[in-house]
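Chemist: I'd like to ask you about the structure that follows.
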Amino acid sequence: MNLKQLQFAVHVAETHSFSRAAELCFATQPTLSNAISQLEDELGGRLFSRTTRRVDLTPFGEYMLPRIKDVLLSLDELTKAAESFHNPTHKILRIGFSPLVDMQRLDHVLAPFRQANPDITIFFKECFIDDLAERLSRGQIDVQILPTTTESEREHACLFYRDSLHYLPAADDNQVANHLSFKITDLPATPIILTGGGCGLNAALSTLLKSQGVELHAYAGQALTYQVIEDWVSLGIGAGILPKAKISPDNMANFPLFIDKDEPACFSFEWSWQSESTESAHVQSFIDYIRTTVPALVSGQAETGSQQSVGQSI
C-alpha cells in the first residue's frame, strides 16, 4: 500500500470516474485502475462498484474513504507540523470528532474563527470514540466533539449543539400509517438497526431510551454506515433511529421522534479537551471561542432552521 494508491482512490470517489481521476492525477487509466485493484486486494474488499456510466463507492468504500482521507491528511499535518516548528508564527489546531457529528454545522461555527485567525491551520480527524480518547490523551488532537452520554461525563467540556432524532420505519411496517411523528414510548416493536458501536450511536440511543424506560431492541446485524442503515430500512430488514443531519436529504420516509408532545428527542454533542491549562495560546483562544461565541452561532442557526421548516410545512 502506498500514498499514490490512496490519492487515486480519493480522486475516483470524488469524480465517479476512473478516466477523469486519471487525468487529474496525471496518470494513465490502466495505471490508476491497477493501483486501485491492488489497494482493494490489500484492504480485503471492493471500494468501488463499476458500471459503464458511473463509478460509485460500495458500502465498504464509504466506510474506508474517511480513513483513507485521514491518512493523506496526516501527511499534510506532518508537513505543517515541521513548518510550525521552524516558524512559530504558523499554528496548528487539531479537531477530532465522531462520525455522528454534523460537519455542515461544524464548518458554519468555525468560519468566523478561521476569518479572524488566518495564521491557524485547522485539521479535522474523524475517528471512533475510543480512538479519539487515545488521541486526546496523547496530545494528537487538541479538542474533540462527541455525543453526550451519562456514562461519559467529562471534566473539561461544554455543549456544542443538539440534533433532533428521526425514526425510520421498516419499509413493510404497516404500523406507521397516519403517523406524522412518534413518541419513544410508542415505537413499534421492530428491531432497530445499529452500527458497530464505535461512532457512539448505539451508546447514545441506549442511554436515551433507558432514560424513558424503554429497552433498545437491536437488530442482530450491524451496519457499516448510516447509508447502509437507510438501505436496510428500505428493504424492510429493520427500523432505524438517526440524527437528522445523518439522514439523506432525499429520504422522506422518516418521522420526528419525541420524548413528550412538546419535547423532541435529541442527541447532545459537546466539545471536550484535556485540561484547562494548555501550552498553546491559540488552542486556549479556541477553547474560549467555543465557550463564548459558538453558543450564539448555534442558537442563531437553530432559529434559522426552525423558520425554514415552518416555511416548508406551509
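Residue numbers start at 1 in each chain; chains themselves are named A, B, ... in the order of the C-alpha cells; ligands are numbered from 1 in the order shown.
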What are the DSSP helix (DSSP H, G or I) residues of range 128-201 of chain A, as a list in words?
Modeler: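 Residues meeting the helix (DSSP H, G or I) criterion: Ile129, Asp130, Asp131, Leu132, Ala133, Glu134, Arg135, Leu136, Ser137, Thr150, Glu151, Ser152, Asn174, Gln175, Val176, Ile184, Thr185, Asp186 and Leu201 of chain A.
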Chemist: Please produce a file of those selected residues containing all heavy atoms, as a short mmCIF file (atom, residue, chain, number, x, y, z; two decimals), in the first residue's frame.
Modeler:
data_model
loop_
_atom_site.label_atom_id
_atom_site.label_comp_id
_atom_site.auth_asym_id
_atom_site.auth_seq_id
_atom_site.Cartn_x
_atom_site.Cartn_y
_atom_site.Cartn_z
N ILE A 129 -14.87 6.70 18.82
CA ILE A 129 -14.75 7.34 20.12
C ILE A 129 -13.54 6.86 20.91
O ILE A 129 -12.82 7.67 21.51
CB ILE A 129 -16.06 7.14 20.92
CG1 ILE A 129 -17.16 8.01 20.29
CG2 ILE A 129 -15.87 7.50 22.39
CD1 ILE A 129 -18.51 7.86 20.91
N ASP A 130 -13.27 5.57 20.92
CA ASP A 130 -12.11 5.07 21.66
C ASP A 130 -10.81 5.64 21.10
O ASP A 130 -9.89 5.98 21.85
CB ASP A 130 -12.07 3.53 21.62
CG ASP A 130 -13.16 2.91 22.47
OD1 ASP A 130 -13.77 3.64 23.28
OD2 ASP A 130 -13.43 1.70 22.30
N ASP A 131 -10.76 5.76 19.77
CA ASP A 131 -9.58 6.30 19.12
C ASP A 131 -9.42 7.78 19.47
O ASP A 131 -8.30 8.27 19.69
CB ASP A 131 -9.70 6.12 17.60
CG ASP A 131 -8.41 6.46 16.86
OD1 ASP A 131 -7.35 6.41 17.49
OD2 ASP A 131 -8.49 6.76 15.66
N LEU A 132 -10.54 8.50 19.53
CA LEU A 132 -10.48 9.92 19.90
C LEU A 132 -9.91 10.10 21.30
O LEU A 132 -9.07 10.97 21.54
CB LEU A 132 -11.88 10.54 19.83
CG LEU A 132 -12.42 10.90 18.45
CD1 LEU A 132 -13.86 11.34 18.55
CD2 LEU A 132 -11.57 11.99 17.81
N ALA A 133 -10.39 9.27 22.23
CA ALA A 133 -9.91 9.38 23.62
C ALA A 133 -8.40 9.15 23.69
O ALA A 133 -7.68 9.86 24.41
CB ALA A 133 -10.64 8.37 24.50
N GLU A 134 -7.92 8.17 22.93
CA GLU A 134 -6.49 7.87 22.93
C GLU A 134 -5.70 9.01 22.31
O GLU A 134 -4.65 9.41 22.81
CB GLU A 134 -6.24 6.56 22.17
CG GLU A 134 -4.80 6.10 22.22
CD GLU A 134 -4.60 4.74 21.58
OE1 GLU A 134 -5.60 4.05 21.33
OE2 GLU A 134 -3.44 4.38 21.34
N ARG A 135 -6.22 9.56 21.20
CA ARG A 135 -5.53 10.66 20.53
C ARG A 135 -5.47 11.90 21.44
O ARG A 135 -4.45 12.60 21.48
CB ARG A 135 -6.23 11.02 19.22
CG ARG A 135 -6.00 10.04 18.09
CD ARG A 135 -6.85 10.40 16.88
NE ARG A 135 -6.72 9.42 15.82
CZ ARG A 135 -6.05 9.61 14.68
NH1 ARG A 135 -5.44 10.76 14.48
NH2 ARG A 135 -5.99 8.68 13.76
N LEU A 136 -6.55 12.15 22.16
CA LEU A 136 -6.58 13.31 23.05
C LEU A 136 -5.58 13.14 24.19
O LEU A 136 -4.86 14.07 24.55
CB LEU A 136 -7.99 13.51 23.60
CG LEU A 136 -8.22 14.79 24.41
CD1 LEU A 136 -8.07 16.03 23.53
CD2 LEU A 136 -9.61 14.77 25.06
N SER A 137 -5.54 11.94 24.75
CA SER A 137 -4.62 11.70 25.88
C SER A 137 -3.16 11.79 25.44
O SER A 137 -2.29 12.16 26.23
CB SER A 137 -4.91 10.33 26.51
OG SER A 137 -4.61 9.28 25.60
N THR A 150 -24.61 9.75 29.73
CA THR A 150 -24.43 9.85 31.18
C THR A 150 -23.22 9.05 31.65
O THR A 150 -22.67 9.33 32.70
CB THR A 150 -25.69 9.33 31.90
OG1 THR A 150 -25.98 8.00 31.44
CG2 THR A 150 -26.87 10.22 31.62
N GLU A 151 -22.83 8.05 30.85
CA GLU A 151 -21.68 7.22 31.24
C GLU A 151 -20.35 7.89 30.95
O GLU A 151 -19.30 7.40 31.32
CB GLU A 151 -21.73 5.87 30.50
CG GLU A 151 -22.82 4.92 30.97
CD GLU A 151 -24.17 5.25 30.36
OE1 GLU A 151 -24.21 6.14 29.48
OE2 GLU A 151 -25.17 4.63 30.76
N SER A 152 -20.37 9.01 30.21
CA SER A 152 -19.10 9.60 29.78
C SER A 152 -19.02 11.08 30.13
O SER A 152 -18.76 11.92 29.28
CB SER A 152 -18.94 9.41 28.27
OG SER A 152 -20.04 9.97 27.58
N ASN A 174 -46.63 -1.69 8.56
CA ASN A 174 -47.95 -1.09 8.39
C ASN A 174 -48.40 -0.27 9.60
O ASN A 174 -49.44 0.38 9.56
CB ASN A 174 -48.99 -2.17 8.10
CG ASN A 174 -48.70 -2.91 6.80
OD1 ASN A 174 -48.28 -2.28 5.82
ND2 ASN A 174 -48.91 -4.22 6.79
N GLN A 175 -47.60 -0.31 10.68
CA GLN A 175 -48.00 0.40 11.90
C GLN A 175 -47.75 1.91 11.82
O GLN A 175 -48.15 2.65 12.72
CB GLN A 175 -47.23 -0.16 13.10
CG GLN A 175 -47.44 -1.65 13.33
CD GLN A 175 -46.61 -2.15 14.50
OE1 GLN A 175 -46.83 -1.77 15.64
NE2 GLN A 175 -45.64 -3.00 14.22
N VAL A 176 -47.10 2.36 10.75
CA VAL A 176 -46.76 3.78 10.66
C VAL A 176 -47.82 4.59 9.93
O VAL A 176 -47.71 5.81 9.81
CB VAL A 176 -45.40 3.98 9.95
CG1 VAL A 176 -44.31 3.22 10.69
CG2 VAL A 176 -45.46 3.54 8.50
N ILE A 184 -41.08 8.10 21.84
CA ILE A 184 -40.18 6.99 22.14
C ILE A 184 -40.93 5.83 22.79
O ILE A 184 -40.69 4.66 22.48
CB ILE A 184 -39.04 7.48 23.07
CG1 ILE A 184 -38.05 8.32 22.27
CG2 ILE A 184 -38.32 6.30 23.73
CD1 ILE A 184 -36.90 8.87 23.08
N THR A 185 -41.86 6.14 23.67
CA THR A 185 -42.59 5.09 24.38
C THR A 185 -43.62 4.39 23.50
O THR A 185 -44.17 3.37 23.92
CB THR A 185 -43.29 5.69 25.61
OG1 THR A 185 -44.07 6.83 25.20
CG2 THR A 185 -42.27 6.11 26.66
N ASP A 186 -43.88 4.92 22.30
CA ASP A 186 -44.88 4.32 21.42
C ASP A 186 -44.28 3.72 20.15
O ASP A 186 -45.00 3.45 19.18
CB ASP A 186 -45.93 5.37 21.02
CG ASP A 186 -46.72 5.88 22.21
OD1 ASP A 186 -46.86 5.12 23.19
OD2 ASP A 186 -47.18 7.04 22.17
N LEU A 201 -23.33 6.02 18.29
CA LEU A 201 -24.77 5.95 18.06
C LEU A 201 -25.44 4.97 19.01
O LEU A 201 -26.45 5.29 19.64
CB LEU A 201 -25.04 5.53 16.60
CG LEU A 201 -26.50 5.25 16.24
CD1 LEU A 201 -27.31 6.54 16.28
CD2 LEU A 201 -26.61 4.59 14.86
#
Chemist: Find the spatial neighbours of range 46-54 of chain A, counting only C-alpha atoms, within a cut-off of 10 Å - ignore same-chain residues fewer than 4 positions away - and output them as a list in words.
Modeler: Ala9, Val12, Ala13, Thr15, His16, Ser17, Phe18, Ile36, Ser37, Leu39, Glu40, Asp41, Thr58, Pro59, Phe60, Gly61, Glu62, Tyr63, Met64 and Leu65 of chain A
Chemist: If you keep N, CA, C and O atoms, can you produce a file of those selected residues as a PDB file, in the first residue's frame?
Modeler:
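New file result12.pdb:
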ATOM      1  N   ALA A   9      -7.608   6.625  -5.082  1.00  0.00           N
ATOM      2  CA  ALA A   9      -8.922   6.237  -4.567  1.00  0.00           C
ATOM      3  C   ALA A   9      -9.774   7.455  -4.245  1.00  0.00           C
ATOM      4  O   ALA A   9     -10.970   7.497  -4.553  1.00  0.00           O
ATOM      5  N   VAL A  12     -11.019   9.066  -7.508  1.00  0.00           N
ATOM      6  CA  VAL A  12     -12.091   8.284  -8.130  1.00  0.00           C
ATOM      7  C   VAL A  12     -13.407   8.503  -7.388  1.00  0.00           C
ATOM      8  O   VAL A  12     -14.467   8.679  -7.997  1.00  0.00           O
ATOM      9  N   ALA A  13     -13.343   8.517  -6.061  1.00  0.00           N
ATOM     10  CA  ALA A  13     -14.548   8.729  -5.257  1.00  0.00           C
ATOM     11  C   ALA A  13     -15.156  10.106  -5.524  1.00  0.00           C
ATOM     12  O   ALA A  13     -16.378  10.260  -5.557  1.00  0.00           O
ATOM     13  N   THR A  15     -14.734  12.033  -8.324  1.00  0.00           N
ATOM     14  CA  THR A  15     -15.125  12.277  -9.715  1.00  0.00           C
ATOM     15  C   THR A  15     -16.102  11.237 -10.256  1.00  0.00           C
ATOM     16  O   THR A  15     -16.716  11.455 -11.298  1.00  0.00           O
ATOM     17  N   HIS A  16     -16.240  10.092  -9.553  1.00  0.00           N
ATOM     18  CA  HIS A  16     -17.086   8.986 -10.024  1.00  0.00           C
ATOM     19  C   HIS A  16     -16.643   8.495 -11.398  1.00  0.00           C
ATOM     20  O   HIS A  16     -17.448   7.993 -12.186  1.00  0.00           O
ATOM     21  N   SER A  17     -15.359   8.620 -11.653  1.00  0.00           N
ATOM     22  CA  SER A  17     -14.847   8.230 -12.972  1.00  0.00           C
ATOM     23  C   SER A  17     -13.375   7.858 -12.875  1.00  0.00           C
ATOM     24  O   SER A  17     -12.577   8.618 -12.312  1.00  0.00           O
ATOM     25  N   PHE A  18     -13.009   6.705 -13.438  1.00  0.00           N
ATOM     26  CA  PHE A  18     -11.609   6.302 -13.463  1.00  0.00           C
ATOM     27  C   PHE A  18     -10.830   7.172 -14.452  1.00  0.00           C
ATOM     28  O   PHE A  18      -9.690   7.563 -14.190  1.00  0.00           O
ATOM     29  N   ILE A  36      -5.752   0.847  -7.986  1.00  0.00           N
ATOM     30  CA  ILE A  36      -6.972   0.681  -7.193  1.00  0.00           C
ATOM     31  C   ILE A  36      -7.219  -0.800  -6.901  1.00  0.00           C
ATOM     32  O   ILE A  36      -7.586  -1.178  -5.781  1.00  0.00           O
ATOM     33  N   SER A  37      -7.026  -1.645  -7.893  1.00  0.00           N
ATOM     34  CA  SER A  37      -7.228  -3.088  -7.705  1.00  0.00           C
ATOM     35  C   SER A  37      -6.275  -3.643  -6.657  1.00  0.00           C
ATOM     36  O   SER A  37      -6.660  -4.462  -5.809  1.00  0.00           O
ATOM     37  N   LEU A  39      -4.930  -1.928  -4.212  1.00  0.00           N
ATOM     38  CA  LEU A  39      -5.366  -1.403  -2.921  1.00  0.00           C
ATOM     39  C   LEU A  39      -6.546  -2.211  -2.389  1.00  0.00           C
ATOM     40  O   LEU A  39      -6.597  -2.546  -1.191  1.00  0.00           O
ATOM     41  N   GLU A  40      -7.510  -2.527  -3.261  1.00  0.00           N
ATOM     42  CA  GLU A  40      -8.665  -3.312  -2.848  1.00  0.00           C
ATOM     43  C   GLU A  40      -8.239  -4.697  -2.373  1.00  0.00           C
ATOM     44  O   GLU A  40      -8.785  -5.217  -1.390  1.00  0.00           O
ATOM     45  N   ASP A  41      -7.257  -5.280  -3.044  1.00  0.00           N
ATOM     46  CA  ASP A  41      -6.754  -6.593  -2.618  1.00  0.00           C
ATOM     47  C   ASP A  41      -6.148  -6.508  -1.222  1.00  0.00           C
ATOM     48  O   ASP A  41      -6.370  -7.389  -0.374  1.00  0.00           O
ATOM     49  N   THR A  58     -18.766   1.453  -2.849  1.00  0.00           N
ATOM     50  CA  THR A  58     -19.510   0.367  -2.220  1.00  0.00           C
ATOM     51  C   THR A  58     -19.704   0.729  -0.751  1.00  0.00           C
ATOM     52  O   THR A  58     -19.092   1.688  -0.246  1.00  0.00           O
ATOM     53  N   PRO A  59     -20.550   0.008  -0.005  1.00  0.00           N
ATOM     54  CA  PRO A  59     -20.637   0.264   1.441  1.00  0.00           C
ATOM     55  C   PRO A  59     -19.277   0.180   2.132  1.00  0.00           C
ATOM     56  O   PRO A  59     -18.975   0.989   3.024  1.00  0.00           O
ATOM     57  N   PHE A  60     -18.448  -0.772   1.701  1.00  0.00           N
ATOM     58  CA  PHE A  60     -17.093  -0.873   2.258  1.00  0.00           C
ATOM     59  C   PHE A  60     -16.276   0.359   1.885  1.00  0.00           C
ATOM     60  O   PHE A  60     -15.516   0.897   2.707  1.00  0.00           O
ATOM     61  N   GLY A  61     -16.450   0.839   0.653  1.00  0.00           N
ATOM     62  CA  GLY A  61     -15.752   2.040   0.218  1.00  0.00           C
ATOM     63  C   GLY A  61     -16.166   3.261   1.008  1.00  0.00           C
ATOM     64  O   GLY A  61     -15.331   4.103   1.374  1.00  0.00           O
ATOM     65  N   GLU A  62     -17.478   3.389   1.284  1.00  0.00           N
ATOM     66  CA  GLU A  62     -17.969   4.501   2.087  1.00  0.00           C
ATOM     67  C   GLU A  62     -17.382   4.459   3.494  1.00  0.00           C
ATOM     68  O   GLU A  62     -17.093   5.502   4.095  1.00  0.00           O
ATOM     69  N   TYR A  63     -17.205   3.247   3.995  1.00  0.00           N
ATOM     70  CA  TYR A  63     -16.643   3.071   5.339  1.00  0.00           C
ATOM     71  C   TYR A  63     -15.155   3.433   5.359  1.00  0.00           C
ATOM     72  O   TYR A  63     -14.659   4.038   6.319  1.00  0.00           O
ATOM     73  N   MET A  64     -14.435   3.078   4.281  1.00  0.00           N
ATOM     74  CA  MET A  64     -12.992   3.260   4.263  1.00  0.00           C
ATOM     75  C   MET A  64     -12.557   4.647   3.808  1.00  0.00           C
ATOM     76  O   MET A  64     -11.479   5.121   4.191  1.00  0.00           O
ATOM     77  N   LEU A  65     -13.366   5.328   2.997  1.00  0.00           N
ATOM     78  CA  LEU A  65     -12.933   6.606   2.420  1.00  0.00           C
ATOM     79  C   LEU A  65     -12.506   7.632   3.473  1.00  0.00           C
ATOM     80  O   LEU A  65     -11.454   8.262   3.311  1.00  0.00           O
TER      81      LEU A  65
END
Chemist: In Å to one decimal, how far is CA of Glu270 in chain A from CA of Gly139 in chain A?
Modeler: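 Computed distance, CA of Gly139 in chain A to CA of Glu270 in chain A, equals 18.7 Å.
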Chemist: Ala27 in chain A: which residues within 12 Å, counting only C-alpha atoms, same-chain residues fewer than 4 positions away excluded, as a ChimeraX atom specification?
Modeler: /A:4-5,7-8,11,18-23,31-35
Chemist: Would you put the residues from that selection into a file with N, CA, C and O atoms, as a PDB file, in the first residue's frame?
Modeler:
ATOM      1  N   LYS A   4       0.229   6.965  -3.238  1.00  0.00           N
ATOM      2  CA  LYS A   4      -0.323   7.193  -4.570  1.00  0.00           C
ATOM      3  C   LYS A   4      -1.621   6.415  -4.759  1.00  0.00           C
ATOM      4  O   LYS A   4      -2.597   6.935  -5.326  1.00  0.00           O
ATOM      5  N   GLN A   5      -1.680   5.178  -4.264  1.00  0.00           N
ATOM      6  CA  GLN A   5      -2.915   4.387  -4.355  1.00  0.00           C
ATOM      7  C   GLN A   5      -4.047   5.074  -3.603  1.00  0.00           C
ATOM      8  O   GLN A   5      -5.185   5.123  -4.080  1.00  0.00           O
ATOM      9  N   GLN A   7      -4.317   8.296  -2.918  1.00  0.00           N
ATOM     10  CA  GLN A   7      -4.697   9.505  -3.655  1.00  0.00           C
ATOM     11  C   GLN A   7      -5.579   9.155  -4.854  1.00  0.00           C
ATOM     12  O   GLN A   7      -6.560   9.857  -5.141  1.00  0.00           O
ATOM     13  N   PHE A   8      -5.243   8.085  -5.553  1.00  0.00           N
ATOM     14  CA  PHE A   8      -6.068   7.633  -6.678  1.00  0.00           C
ATOM     15  C   PHE A   8      -7.497   7.336  -6.208  1.00  0.00           C
ATOM     16  O   PHE A   8      -8.472   7.725  -6.844  1.00  0.00           O
ATOM     17  N   HIS A  11      -9.576  10.473  -5.560  1.00  0.00           N
ATOM     18  CA  HIS A  11      -9.975  11.147  -6.791  1.00  0.00           C
ATOM     19  C   HIS A  11     -11.079  10.382  -7.525  1.00  0.00           C
ATOM     20  O   HIS A  11     -11.995  10.997  -8.085  1.00  0.00           O
ATOM     21  N   PHE A  18     -13.009   6.705 -13.438  1.00  0.00           N
ATOM     22  CA  PHE A  18     -11.609   6.302 -13.463  1.00  0.00           C
ATOM     23  C   PHE A  18     -10.830   7.172 -14.452  1.00  0.00           C
ATOM     24  O   PHE A  18      -9.690   7.563 -14.190  1.00  0.00           O
ATOM     25  N   SER A  19     -11.441   7.455 -15.610  1.00  0.00           N
ATOM     26  CA  SER A  19     -10.732   8.234 -16.627  1.00  0.00           C
ATOM     27  C   SER A  19     -10.488   9.660 -16.158  1.00  0.00           C
ATOM     28  O   SER A  19      -9.398  10.212 -16.342  1.00  0.00           O
ATOM     29  N   ARG A  20     -11.502  10.282 -15.546  1.00  0.00           N
ATOM     30  CA  ARG A  20     -11.340  11.653 -15.059  1.00  0.00           C
ATOM     31  C   ARG A  20     -10.327  11.711 -13.924  1.00  0.00           C
ATOM     32  O   ARG A  20      -9.503  12.625 -13.851  1.00  0.00           O
ATOM     33  N   ALA A  21     -10.374  10.725 -13.032  1.00  0.00           N
ATOM     34  CA  ALA A  21      -9.411  10.681 -11.928  1.00  0.00           C
ATOM     35  C   ALA A  21      -7.990  10.528 -12.457  1.00  0.00           C
ATOM     36  O   ALA A  21      -7.057  11.146 -11.943  1.00  0.00           O
ATOM     37  N   ALA A  22      -7.829   9.709 -13.503  1.00  0.00           N
ATOM     38  CA  ALA A  22      -6.504   9.522 -14.098  1.00  0.00           C
ATOM     39  C   ALA A  22      -5.977  10.839 -14.672  1.00  0.00           C
ATOM     40  O   ALA A  22      -4.802  11.176 -14.522  1.00  0.00           O
ATOM     41  N   GLU A  23      -6.858  11.615 -15.312  1.00  0.00           N
ATOM     42  CA  GLU A  23      -6.457  12.915 -15.856  1.00  0.00           C
ATOM     43  C   GLU A  23      -5.981  13.845 -14.741  1.00  0.00           C
ATOM     44  O   GLU A  23      -4.952  14.515 -14.873  1.00  0.00           O
ATOM     45  N   THR A  31      -2.864   2.457 -15.347  1.00  0.00           N
ATOM     46  CA  THR A  31      -2.041   2.588 -14.133  1.00  0.00           C
ATOM     47  C   THR A  31      -2.923   2.828 -12.913  1.00  0.00           C
ATOM     48  O   THR A  31      -2.753   2.201 -11.866  1.00  0.00           O
ATOM     49  N   LEU A  32      -3.881   3.744 -13.053  1.00  0.00           N
ATOM     50  CA  LEU A  32      -4.775   4.036 -11.936  1.00  0.00           C
ATOM     51  C   LEU A  32      -5.637   2.827 -11.588  1.00  0.00           C
ATOM     52  O   LEU A  32      -5.805   2.479 -10.411  1.00  0.00           O
ATOM     53  N   SER A  33      -6.191   2.182 -12.597  1.00  0.00           N
ATOM     54  CA  SER A  33      -7.063   1.024 -12.345  1.00  0.00           C
ATOM     55  C   SER A  33      -6.308  -0.091 -11.639  1.00  0.00           C
ATOM     56  O   SER A  33      -6.822  -0.720 -10.706  1.00  0.00           O
ATOM     57  N   ASN A  34      -5.082  -0.353 -12.079  1.00  0.00           N
ATOM     58  CA  ASN A  34      -4.276  -1.400 -11.441  1.00  0.00           C
ATOM     59  C   ASN A  34      -3.953  -1.039  -9.991  1.00  0.00           C
ATOM     60  O   ASN A  34      -3.972  -1.903  -9.102  1.00  0.00           O
ATOM     61  N   ALA A  35      -3.672   0.238  -9.759  1.00  0.00           N
ATOM     62  CA  ALA A  35      -3.355   0.676  -8.391  1.00  0.00           C
ATOM     63  C   ALA A  35      -4.564   0.510  -7.480  1.00  0.00           C
ATOM     64  O   ALA A  35      -4.429   0.062  -6.329  1.00  0.00           O
TER      65      ALA A  35
END
Chemist: List every residue of range 249-290 of chain A that DSSP, applied to the backbone of this structure, assigns to strand (DSSP E or B), and report them as a PyMOL selection string.
Modeler: chain A and resi 255-260+263-264+266-273
Chemist: Hey, can you check how far CA of Ala203 in chain A sits from CA of Ser74 in chain A?
Modeler: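 Rounded to one decimal, the two atoms are 28.6 Å apart.
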Chemist: Nearest to Ser206 in chain A: which of A:Thr148, A:Gly238, A:Glu155, A:Phe113 is it, counting only C-alpha atoms?
Modeler: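 Smallest distance to Ser206 in chain A is found for A:Thr148.
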Chemist: Range 104-106 of chain A: which residues within 9 Å, counting only C-alpha atoms, same-chain residues fewer than 4 positions away excluded, as number ranges by chain?
Modeler: A: 110-111, 161, 245, 298, 301
Chemist: Now that the selection is made, can you save its residues with all heavy atoms as a compact mmCIF listing (two decimals), in the first residue's frame?
Modeler:
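Listed below is the output, out.txt:
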# COMPACT_ATOMS: atom_id res chain seq x y z
N LEU A 110 -17.12 27.39 12.62
CA LEU A 110 -15.68 27.65 12.53
C LEU A 110 -15.35 28.81 11.60
O LEU A 110 -14.25 29.37 11.68
CB LEU A 110 -14.95 26.39 12.06
CG LEU A 110 -14.89 25.22 13.03
CD1 LEU A 110 -14.12 24.07 12.40
CD2 LEU A 110 -14.24 25.63 14.34
N ALA A 111 -16.28 29.18 10.73
CA ALA A 111 -16.00 30.22 9.72
C ALA A 111 -15.50 31.53 10.33
O ALA A 111 -14.48 32.07 9.89
CB ALA A 111 -17.23 30.44 8.85
N TYR A 161 -24.06 21.43 20.35
CA TYR A 161 -25.38 21.57 19.76
C TYR A 161 -26.21 20.33 20.04
O TYR A 161 -25.70 19.33 20.55
CB TYR A 161 -25.29 21.78 18.24
CG TYR A 161 -24.84 20.56 17.46
CD1 TYR A 161 -25.78 19.72 16.84
CD2 TYR A 161 -23.49 20.22 17.33
CE1 TYR A 161 -25.38 18.59 16.14
CE2 TYR A 161 -23.09 19.11 16.63
CZ TYR A 161 -24.04 18.30 16.02
OH TYR A 161 -23.64 17.18 15.32
N ALA A 245 -29.22 15.17 10.80
CA ALA A 245 -28.09 15.52 9.94
C ALA A 245 -27.51 14.31 9.21
O ALA A 245 -26.79 14.48 8.22
CB ALA A 245 -27.00 16.20 10.76
N VAL A 298 -24.72 28.81 17.21
CA VAL A 298 -25.60 27.65 17.15
C VAL A 298 -27.04 28.05 17.38
O VAL A 298 -27.96 27.58 16.70
CB VAL A 298 -25.17 26.59 18.20
CG1 VAL A 298 -26.21 25.48 18.30
CG2 VAL A 298 -23.81 26.00 17.81
N GLN A 301 -28.37 29.64 14.32
CA GLN A 301 -28.56 28.63 13.29
C GLN A 301 -29.83 27.83 13.56
O GLN A 301 -30.59 27.51 12.65
CB GLN A 301 -27.34 27.71 13.26
CG GLN A 301 -27.29 26.79 12.04
CD GLN A 301 -26.02 25.95 12.05
OE1 GLN A 301 -25.60 25.45 13.09
NE2 GLN A 301 -25.41 25.79 10.90
Chemist: Between A:Pro243, A:Pro66, A:Gly300, A:Pro188, which residue has the minimum interatomic distance to Phe128 in chain A, considering only C-alpha atoms?
Modeler: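 Under the stated criterion, the closest residue is A:Pro66.
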Chemist: Of the residues A:Leu235, A:Leu3, A:Val283, A:Met103, which is the one nearest to Ile141 in chain A, using only C-alpha atoms?
Modeler: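 Distance minimum relative to Ile141 in chain A lands on A:Val283.
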Chemist: Considering only C-alpha atoms, state which residue in the set A:His217, A:Lys125, A:Lys244, A:Arg114 is at the smallest distance from Phe267 in chain A.
Modeler: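 Ranked by minimum distance to Phe267 in chain A, first place goes to A:Lys244.
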Chemist: Give me the residues near Val143 in chain A as a count of residues only, where near means some atom within 7 Å (using only C-alpha atoms) and where sequence neighbours in that chain fewer than 2 positions away do not count.
Modeler: 7
Chemist: My list of candidates is A:Phe160, A:Phe26, A:Gln115, A:Asn2. Which is closest to Leu72 in chain A when distances are computed with only C-alpha atoms?
Modeler: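 Once distances to Leu72 in chain A are computed over only C-alpha atoms, the minimum belongs to A:Asn2.
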Chemist: Using only C-alpha atoms, which of the listed residues (A:Ile247, A:Leu242, A:Met252, A:Cys127) sits closest to Leu165 in chain A?
Modeler: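 Among A:Ile247, A:Leu242, A:Met252, A:Cys127, it is A:Leu242 that comes nearest to Leu165 in chain A.
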